[in-house]
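Student: Input structure: structure_12.cif, which contains mmCIF, C-alpha atoms.
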```
data_model
#
loop_
_atom_site.label_atom_id
_atom_site.label_comp_id
_atom_site.auth_asym_id
_atom_site.auth_seq_id
_atom_site.Cartn_x
_atom_site.Cartn_y
_atom_site.Cartn_z
CA LYS A 1 72.41 -20.88 -11.35
CA MET A 2 71.33 -24.30 -10.16
CA CYS A 3 70.09 -27.71 -11.34
CA ALA A 4 66.89 -29.40 -10.39
CA ALA A 5 67.81 -32.53 -8.52
CA ALA A 6 64.90 -34.53 -9.83
CA ASP A 7 65.48 -35.50 -13.42
CA THR A 8 68.10 -38.11 -14.18
CA ASN A 9 68.13 -41.84 -14.66
CA LEU A 10 68.41 -43.84 -11.44
CA LYS A 11 70.65 -46.16 -13.44
CA HIS A 12 73.41 -43.69 -12.49
CA PRO A 13 72.48 -42.34 -9.05
CA LYS A 14 76.02 -41.46 -8.03
CA ALA A 15 79.26 -40.09 -9.41
CA SER A 16 81.47 -42.51 -11.30
CA GLY A 17 85.05 -42.65 -12.53
CA ILE A 18 87.47 -40.21 -10.92
CA ALA A 19 84.59 -38.14 -9.51
CA ALA A 20 83.44 -41.15 -7.49
CA ASN A 21 86.85 -41.34 -5.86
CA THR A 22 86.68 -37.63 -5.05
CA ALA A 23 83.21 -37.97 -3.54
CA ASN A 24 84.27 -41.01 -1.50
CA ASN A 25 87.29 -39.11 -0.20
CA HIS A 26 85.00 -36.35 1.06
CA ASN A 27 82.39 -38.16 3.12
CA THR A 28 83.58 -37.24 6.61
CA ALA A 29 80.65 -36.25 8.78
CA ASP A 30 82.40 -33.64 10.92
CA CYS A 31 83.31 -31.07 8.21
CA ASP A 32 82.32 -27.42 8.66
CA LEU A 33 81.25 -27.24 5.01
CA VAL A 34 78.84 -29.62 3.27
CA LEU A 35 78.18 -29.56 -0.49
CA PHE A 36 74.87 -30.99 -1.67
CA GLY A 37 75.19 -31.95 -5.30
CA SER A 38 74.16 -34.14 -8.19
CA TRP A 39 77.15 -35.48 -10.10
CA PHE A 40 75.75 -34.67 -13.56
CA CYS A 41 74.92 -31.03 -12.86
CA PRO A 42 77.35 -28.49 -14.38
CA TYR A 43 76.34 -25.88 -11.82
CA VAL A 44 77.33 -28.27 -9.04
CA GLN A 45 80.60 -28.96 -10.79
CA ARG A 46 81.41 -25.24 -10.69
CA VAL A 47 81.36 -25.25 -6.90
CA TRP A 48 83.00 -28.66 -6.67
CA ILE A 49 85.89 -27.44 -8.85
CA SER A 50 86.32 -24.39 -6.63
CA LEU A 51 86.44 -26.50 -3.46
CA GLU A 52 89.08 -28.72 -5.03
CA GLU A 53 91.10 -25.76 -6.35
CA LYS A 54 91.10 -24.04 -3.00
CA GLY A 55 91.83 -27.17 -0.99
CA ILE A 56 88.89 -26.58 1.33
CA ASP A 57 87.86 -29.41 3.63
CA TYR A 58 84.29 -30.39 2.75
CA ARG A 59 81.80 -33.22 2.79
CA TYR A 60 80.09 -34.15 -0.47
CA VAL A 61 76.48 -35.33 -0.25
CA GLU A 62 74.97 -36.83 -3.42
CA VAL A 63 71.32 -35.89 -3.80
CA ASN A 64 68.97 -38.64 -4.92
CA PRO A 65 67.65 -37.31 -8.23
CA TYR A 66 64.13 -38.66 -7.72
CA ASN A 67 63.78 -38.22 -3.99
CA LYS A 68 64.75 -34.85 -2.58
CA SER A 69 65.80 -35.43 0.97
CA LYS A 70 64.48 -33.39 3.87
CA GLU A 71 68.12 -32.50 4.52
CA LEU A 72 68.36 -30.81 1.10
CA LEU A 73 64.96 -29.10 1.36
CA ASP A 74 65.99 -27.67 4.71
CA VAL A 75 69.03 -26.15 3.00
CA ASN A 76 67.25 -24.99 -0.16
CA PRO A 77 63.44 -25.13 -0.07
CA ARG A 78 63.40 -25.20 -3.89
CA GLY A 79 65.25 -28.51 -3.81
CA LEU A 80 67.88 -27.30 -6.26
CA VAL A 81 71.62 -27.91 -6.26
CA PRO A 82 74.31 -26.85 -5.64
CA ALA A 83 73.65 -25.92 -2.05
CA ILE A 84 76.03 -25.75 0.87
CA VAL A 85 75.90 -25.57 4.62
CA HIS A 86 78.88 -23.78 6.16
CA LYS A 87 79.09 -23.62 9.93
CA GLY A 88 75.32 -24.06 10.14
CA THR A 89 74.41 -21.47 7.50
CA ALA A 90 72.64 -22.63 4.33
CA LEU A 91 73.50 -21.01 0.99
CA TYR A 92 72.86 -21.75 -2.68
CA GLU A 93 73.17 -20.44 -6.30
CA SER A 94 76.43 -21.50 -7.97
CA ALA A 95 77.79 -18.06 -8.93
CA VAL A 96 76.99 -16.73 -5.44
CA LEU A 97 78.68 -19.73 -3.87
CA LEU A 98 81.86 -19.20 -5.92
CA GLU A 99 82.17 -15.66 -4.59
CA TYR A 100 81.24 -16.77 -1.07
CA LEU A 101 84.06 -19.31 -1.04
CA GLU A 102 86.48 -16.56 -2.05
CA GLU A 103 85.33 -14.35 0.81
CA ALA A 104 85.00 -17.08 3.43
CA PHE A 105 88.37 -18.67 2.60
CA PRO A 106 90.55 -15.74 1.48
CA GLY A 107 93.84 -17.48 2.19
CA LYS A 108 92.98 -20.57 0.17
CA ASN A 109 94.34 -20.28 -3.40
CA PRO A 110 92.32 -17.21 -4.48
CA LEU A 111 90.30 -17.57 -7.67
CA LEU A 112 89.47 -13.86 -7.78
CA PRO A 113 92.29 -11.41 -8.49
CA THR A 114 92.96 -8.59 -6.06
CA ASP A 115 92.98 -5.91 -8.77
CA PRO A 116 89.48 -4.36 -9.01
CA VAL A 117 89.64 -4.06 -12.81
CA ALA A 118 90.57 -7.73 -13.16
CA ARG A 119 87.77 -8.66 -10.76
CA ALA A 120 85.31 -6.65 -12.83
CA ARG A 121 86.51 -8.39 -16.00
CA CYS A 122 85.87 -11.76 -14.35
CA ARG A 123 82.35 -10.75 -13.36
CA ILE A 124 81.58 -9.40 -16.84
CA GLN A 125 82.71 -12.70 -18.32
CA ILE A 126 80.61 -14.70 -15.85
CA ASP A 127 77.58 -12.66 -16.89
CA HIS A 128 78.40 -13.27 -20.57
CA PHE A 129 78.62 -17.02 -20.08
CA SER A 130 75.37 -17.09 -18.13
CA LYS A 131 73.40 -15.00 -20.64
CA LYS A 132 74.92 -16.16 -23.94
CA ALA A 133 77.06 -19.32 -23.98
CA VAL A 134 75.18 -21.58 -21.55
CA PRO A 135 71.70 -20.85 -23.02
CA ALA A 136 73.09 -21.53 -26.50
CA PHE A 137 74.32 -24.96 -25.37
CA TYR A 138 70.86 -25.95 -24.13
CA LYS A 139 69.19 -24.49 -27.22
CA ILE A 140 71.33 -26.70 -29.48
CA LEU A 141 70.65 -29.75 -27.35
CA GLN A 142 66.93 -29.36 -26.75
CA ALA A 143 65.76 -27.99 -30.10
CA GLN A 144 64.15 -30.66 -32.24
CA ASP A 145 64.00 -28.48 -35.34
CA LYS A 146 67.22 -28.37 -37.34
CA SER A 147 66.96 -24.64 -38.01
CA GLN A 148 66.65 -23.97 -34.27
CA GLN A 149 69.64 -26.18 -33.58
CA GLU A 150 71.64 -24.24 -36.16
CA ALA A 151 70.54 -20.96 -34.57
CA GLY A 152 71.85 -22.26 -31.24
CA GLU A 153 75.13 -23.28 -32.86
CA LYS A 154 75.52 -19.77 -34.26
CA ASP A 155 74.80 -18.29 -30.82
CA LEU A 156 77.36 -20.55 -29.13
CA ILE A 157 80.06 -19.80 -31.70
CA GLU A 158 79.46 -16.05 -31.38
CA ALA A 159 79.51 -16.27 -27.56
CA LEU A 160 82.84 -18.09 -27.57
CA GLN A 161 84.29 -15.70 -30.14
CA THR A 162 83.41 -12.84 -27.78
CA PHE A 163 85.06 -14.78 -24.95
CA MET A 164 88.26 -15.19 -26.96
CA LYS A 165 88.41 -11.45 -27.70
CA SER A 166 88.17 -10.75 -23.96
CA MET A 167 90.96 -13.13 -22.94
CA ALA A 168 94.54 -12.28 -22.04
CA PRO A 169 97.01 -12.95 -24.89
CA SER A 170 98.05 -16.58 -25.19
CA SER A 171 101.63 -15.61 -24.38
CA GLU A 172 100.50 -14.67 -20.85
CA GLY A 173 99.03 -18.10 -20.08
CA PRO A 174 96.12 -20.33 -21.06
CA PHE A 175 93.40 -19.02 -18.77
CA PHE A 176 91.07 -16.06 -19.08
CA LEU A 177 93.45 -13.69 -17.31
CA GLY A 178 96.64 -15.57 -18.16
CA LYS A 179 98.55 -17.93 -15.88
CA GLN A 180 96.10 -18.19 -13.00
CA MET A 181 92.71 -19.85 -13.11
CA THR A 182 89.91 -17.59 -11.88
CA ILE A 183 86.21 -18.02 -11.24
CA ALA A 184 85.65 -16.74 -14.79
CA ASP A 185 87.29 -19.97 -16.00
CA VAL A 186 85.53 -22.12 -13.41
CA VAL A 187 82.07 -20.88 -14.40
CA PHE A 188 82.24 -22.29 -17.94
CA ALA A 189 84.69 -25.14 -17.35
CA PRO A 190 81.96 -27.81 -16.91
CA TRP A 191 80.63 -27.11 -20.39
CA VAL A 192 83.93 -27.86 -22.15
CA ASN A 193 83.37 -31.58 -21.66
CA ARG A 194 79.66 -31.23 -22.43
CA ILE A 195 80.35 -29.45 -25.72
CA ASP A 196 83.00 -32.03 -26.64
CA LEU A 197 80.90 -35.03 -25.67
CA ILE A 198 77.19 -34.25 -25.56
CA LEU A 199 76.83 -31.92 -28.54
CA LYS A 200 79.00 -34.21 -30.64
CA THR A 201 77.01 -37.30 -29.61
CA TYR A 202 73.50 -35.92 -30.04
CA ARG A 203 73.91 -33.12 -32.60
CA ASP A 204 77.14 -34.08 -34.40
CA PHE A 205 78.32 -30.57 -33.55
CA THR A 206 81.92 -29.57 -33.06
CA LEU A 207 83.32 -26.09 -32.71
CA PRO A 208 85.22 -24.61 -35.66
CA SER A 209 88.99 -25.04 -35.84
CA GLY A 210 91.78 -23.06 -37.43
CA PRO A 211 94.00 -20.15 -36.38
CA GLU A 212 91.11 -17.98 -35.18
CA TRP A 213 90.14 -20.71 -32.66
CA GLU A 214 93.62 -21.39 -31.30
CA ARG A 215 93.06 -19.22 -28.22
CA TYR A 216 89.87 -21.09 -27.29
CA GLU A 217 91.57 -24.45 -27.83
CA GLN A 218 94.51 -23.39 -25.66
CA TRP A 219 92.04 -22.48 -22.92
CA ALA A 220 89.93 -25.63 -23.37
CA ASN A 221 93.00 -27.86 -23.26
CA ALA A 222 94.08 -26.23 -20.00
CA ILE A 223 90.60 -26.90 -18.61
CA ARG A 224 90.60 -30.52 -19.78
CA GLN A 225 93.98 -31.13 -18.16
CA ARG A 226 93.27 -29.38 -14.87
CA GLU A 227 93.26 -31.77 -11.92
CA SER A 228 90.23 -30.15 -10.29
CA ILE A 229 88.16 -30.69 -13.44
CA LYS A 230 89.31 -34.29 -13.81
CA ALA A 231 88.57 -34.92 -10.14
CA THR A 232 84.95 -33.78 -10.50
CA THR A 233 84.17 -35.44 -13.85
CA SER A 234 82.28 -38.75 -14.07
CA ALA A 235 82.36 -41.45 -16.76
CA SER A 236 81.53 -40.21 -20.27
CA ASP A 237 78.87 -42.85 -20.95
CA ASN A 238 76.94 -41.77 -17.88
CA TYR A 239 76.76 -38.17 -19.08
CA VAL A 240 75.52 -39.38 -22.47
CA ASP A 241 72.74 -41.33 -20.73
CA VAL A 242 71.70 -38.41 -18.54
CA TYR A 243 71.58 -35.89 -21.38
CA GLU A 244 69.41 -38.08 -23.60
CA ARG A 245 66.33 -36.49 -22.05
CA TYR A 246 67.62 -33.06 -23.01
CA ALA A 247 68.36 -34.22 -26.55
CA ASN A 248 64.80 -35.45 -27.06
CA ASN A 249 63.42 -32.50 -25.06
CA THR A 250 61.49 -34.58 -22.53
CA THR A 251 63.41 -33.57 -19.42
CA GLN A 252 61.52 -31.60 -16.78
CA SER A 253 64.53 -29.88 -15.20
CA GLU A 254 64.22 -26.18 -14.42
CA VAL A 255 66.93 -25.38 -16.99
CA ALA A 256 65.06 -27.32 -19.67
CA LYS A 257 61.77 -25.61 -18.90
CA ALA A 258 63.43 -22.21 -19.11
CA THR A 259 65.05 -23.12 -22.43
CA ARG A 260 61.67 -24.19 -23.88
CA SER A 261 60.05 -20.94 -22.87
CA SER A 262 63.04 -18.80 -23.88
CA SER A 263 63.25 -17.56 -20.30
CA SER A 264 66.34 -16.75 -18.30
CA LEU A 265 67.96 -19.89 -16.92
CA PRO A 266 67.15 -20.52 -13.22
#
```
Render the structure in this file as structure tokens.

Tutor:
Amino acid sequence: KMCAAADTNLKHPKASGIAANTANNHNTADCDLVLFGSWFCPYVQRVWISLEEKGIDYRYVEVNPYNKSKELLDVNPRGLVPAIVHKGTALYESAVLLEYLEEAFPGKNPLLPTDPVARARCRIQIDHFSKKAVPAFYKILQAQDKSQQEAGEKDLIEALQTFMKSMAPSSEGPFFLGKQMTIADVVFAPWVNRIDLILKTYRDFTLPSGPEWERYEQWANAIRQRESIKATTSASDNYVDVYERYANNTTQSEVAKATRSSSSLP
């Protein structure tokens, strides 16, 4: 999954807050790995989190949201982010890139377990997020009709309830498989902040609470407190500005177009 790098307000062309510090600390020209990203894109944040978790040396290149550079188009002719160049080879698609980083940097803090059953569980969960939870988020945000928003809310709640049922017991640790963060956690981590902030701001939506949601809240708190997530998160007000176009359904991003047409997300 990827974001179109052509649909945000030039008022905020670059990362801000802690994410700006992270980007500025990764601007060395001679790195073997270059990440092309847009700070607001959750699919970019997936890959950015992974790079931070694994301690991989990389250069971060912010893509101008209204002016796709030739450098980006050479890497991904569709002009979508995230995209990387590693030792001269161009690659893209966030879920593919997460697995690539595991294979290309096997000794760097693995985010995929070695056990094949655990790996399969991670991949099943990634598929679930991509097909159920993420589309529900955009449905809530883009729908202008209250009944459609409520349908999206129901879909998101059901998707996260399914997620909770698939998780390791809370006694084993906060993450999907317990103590260790995996790519199954990374894939949905960017949306924790977006649910908290964007859906509350534009749709006055918050997830249910109570004993049956304790496992999700344990997981979400671990995500919120994780250094790699903090390091790749920009200022809250800037996200609110960017997502206004989604909330009034005028954005022309590829994700938004797919949501309008009830198609699979790009």

Student: Any chance you could resolve the PyMOL selection byres ((chain A and resi 179) around 12) against this file and give the residues as a list in words?

Tutor: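 On the file shown, the PyMOL selection byres ((chain A and resi 179) around 12) covers Leu111, Pro113, Met167, Ala168, Pro169, Ser170, Ser171, Glu172, Gly173, Pro174, Phe175, Phe176, Leu177, Gly178, Gln180, Met181, Thr182, Asp185, Gln218, Trp219 and Ala222 of chain A.
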
Student: Grab the CA of Gln125 in chain A to CA of Asp155 in chain A distance for me, in Å with one decimal place.

Tutor: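 If I compute the distance from CA of Gln125 in chain A to CA of Asp155 in chain A, I get 15.8 Å.
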
Student: Would you please work out which residue, of A:Asn76, A:Gln225, A:Gln144, A:Asn109, is nearest to Leu91 in chain A when using all atoms listed in the file?

Tutor: A:Asn76

Student: I want to know what sits within 6 Å of range 39-47 of chain A, based on only C-alpha atoms, with residues of the same chain fewer than 2 positions away left out; could you give that as a PDB file with C-alpha atoms, in the coordinates of the input?

Tutor:
```pdb
ATOM      1  CA  MET A   2      71.330 -24.300 -10.160  1.00  0.00           C
ATOM      2  CA  ALA A  15      79.260 -40.090  -9.410  1.00  0.00           C
ATOM      3  CA  GLY A  37      75.190 -31.950  -5.300  1.00  0.00           C
ATOM      4  CA  ILE A  49      85.890 -27.440  -8.850  1.00  0.00           C
ATOM      5  CA  SER A  50      86.320 -24.390  -6.630  1.00  0.00           C
ATOM      6  CA  PRO A  82      74.310 -26.850  -5.640  1.00  0.00           C
ATOM      7  CA  SER A  94      76.430 -21.500  -7.970  1.00  0.00           C
ATOM      8  CA  VAL A 186      85.530 -22.120 -13.410  1.00  0.00           C
ATOM      9  CA  VAL A 187      82.070 -20.880 -14.400  1.00  0.00           C
ATOM     10  CA  PRO A 190      81.960 -27.810 -16.910  1.00  0.00           C
TER      11      PRO A 190
END
```

Student: One decimal, in Å: what's the spacing between CA of Phe188 in chain A and CA of Phe137 in chain A?

Tutor: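 Between these atoms lies a distance of 11.2 Å.
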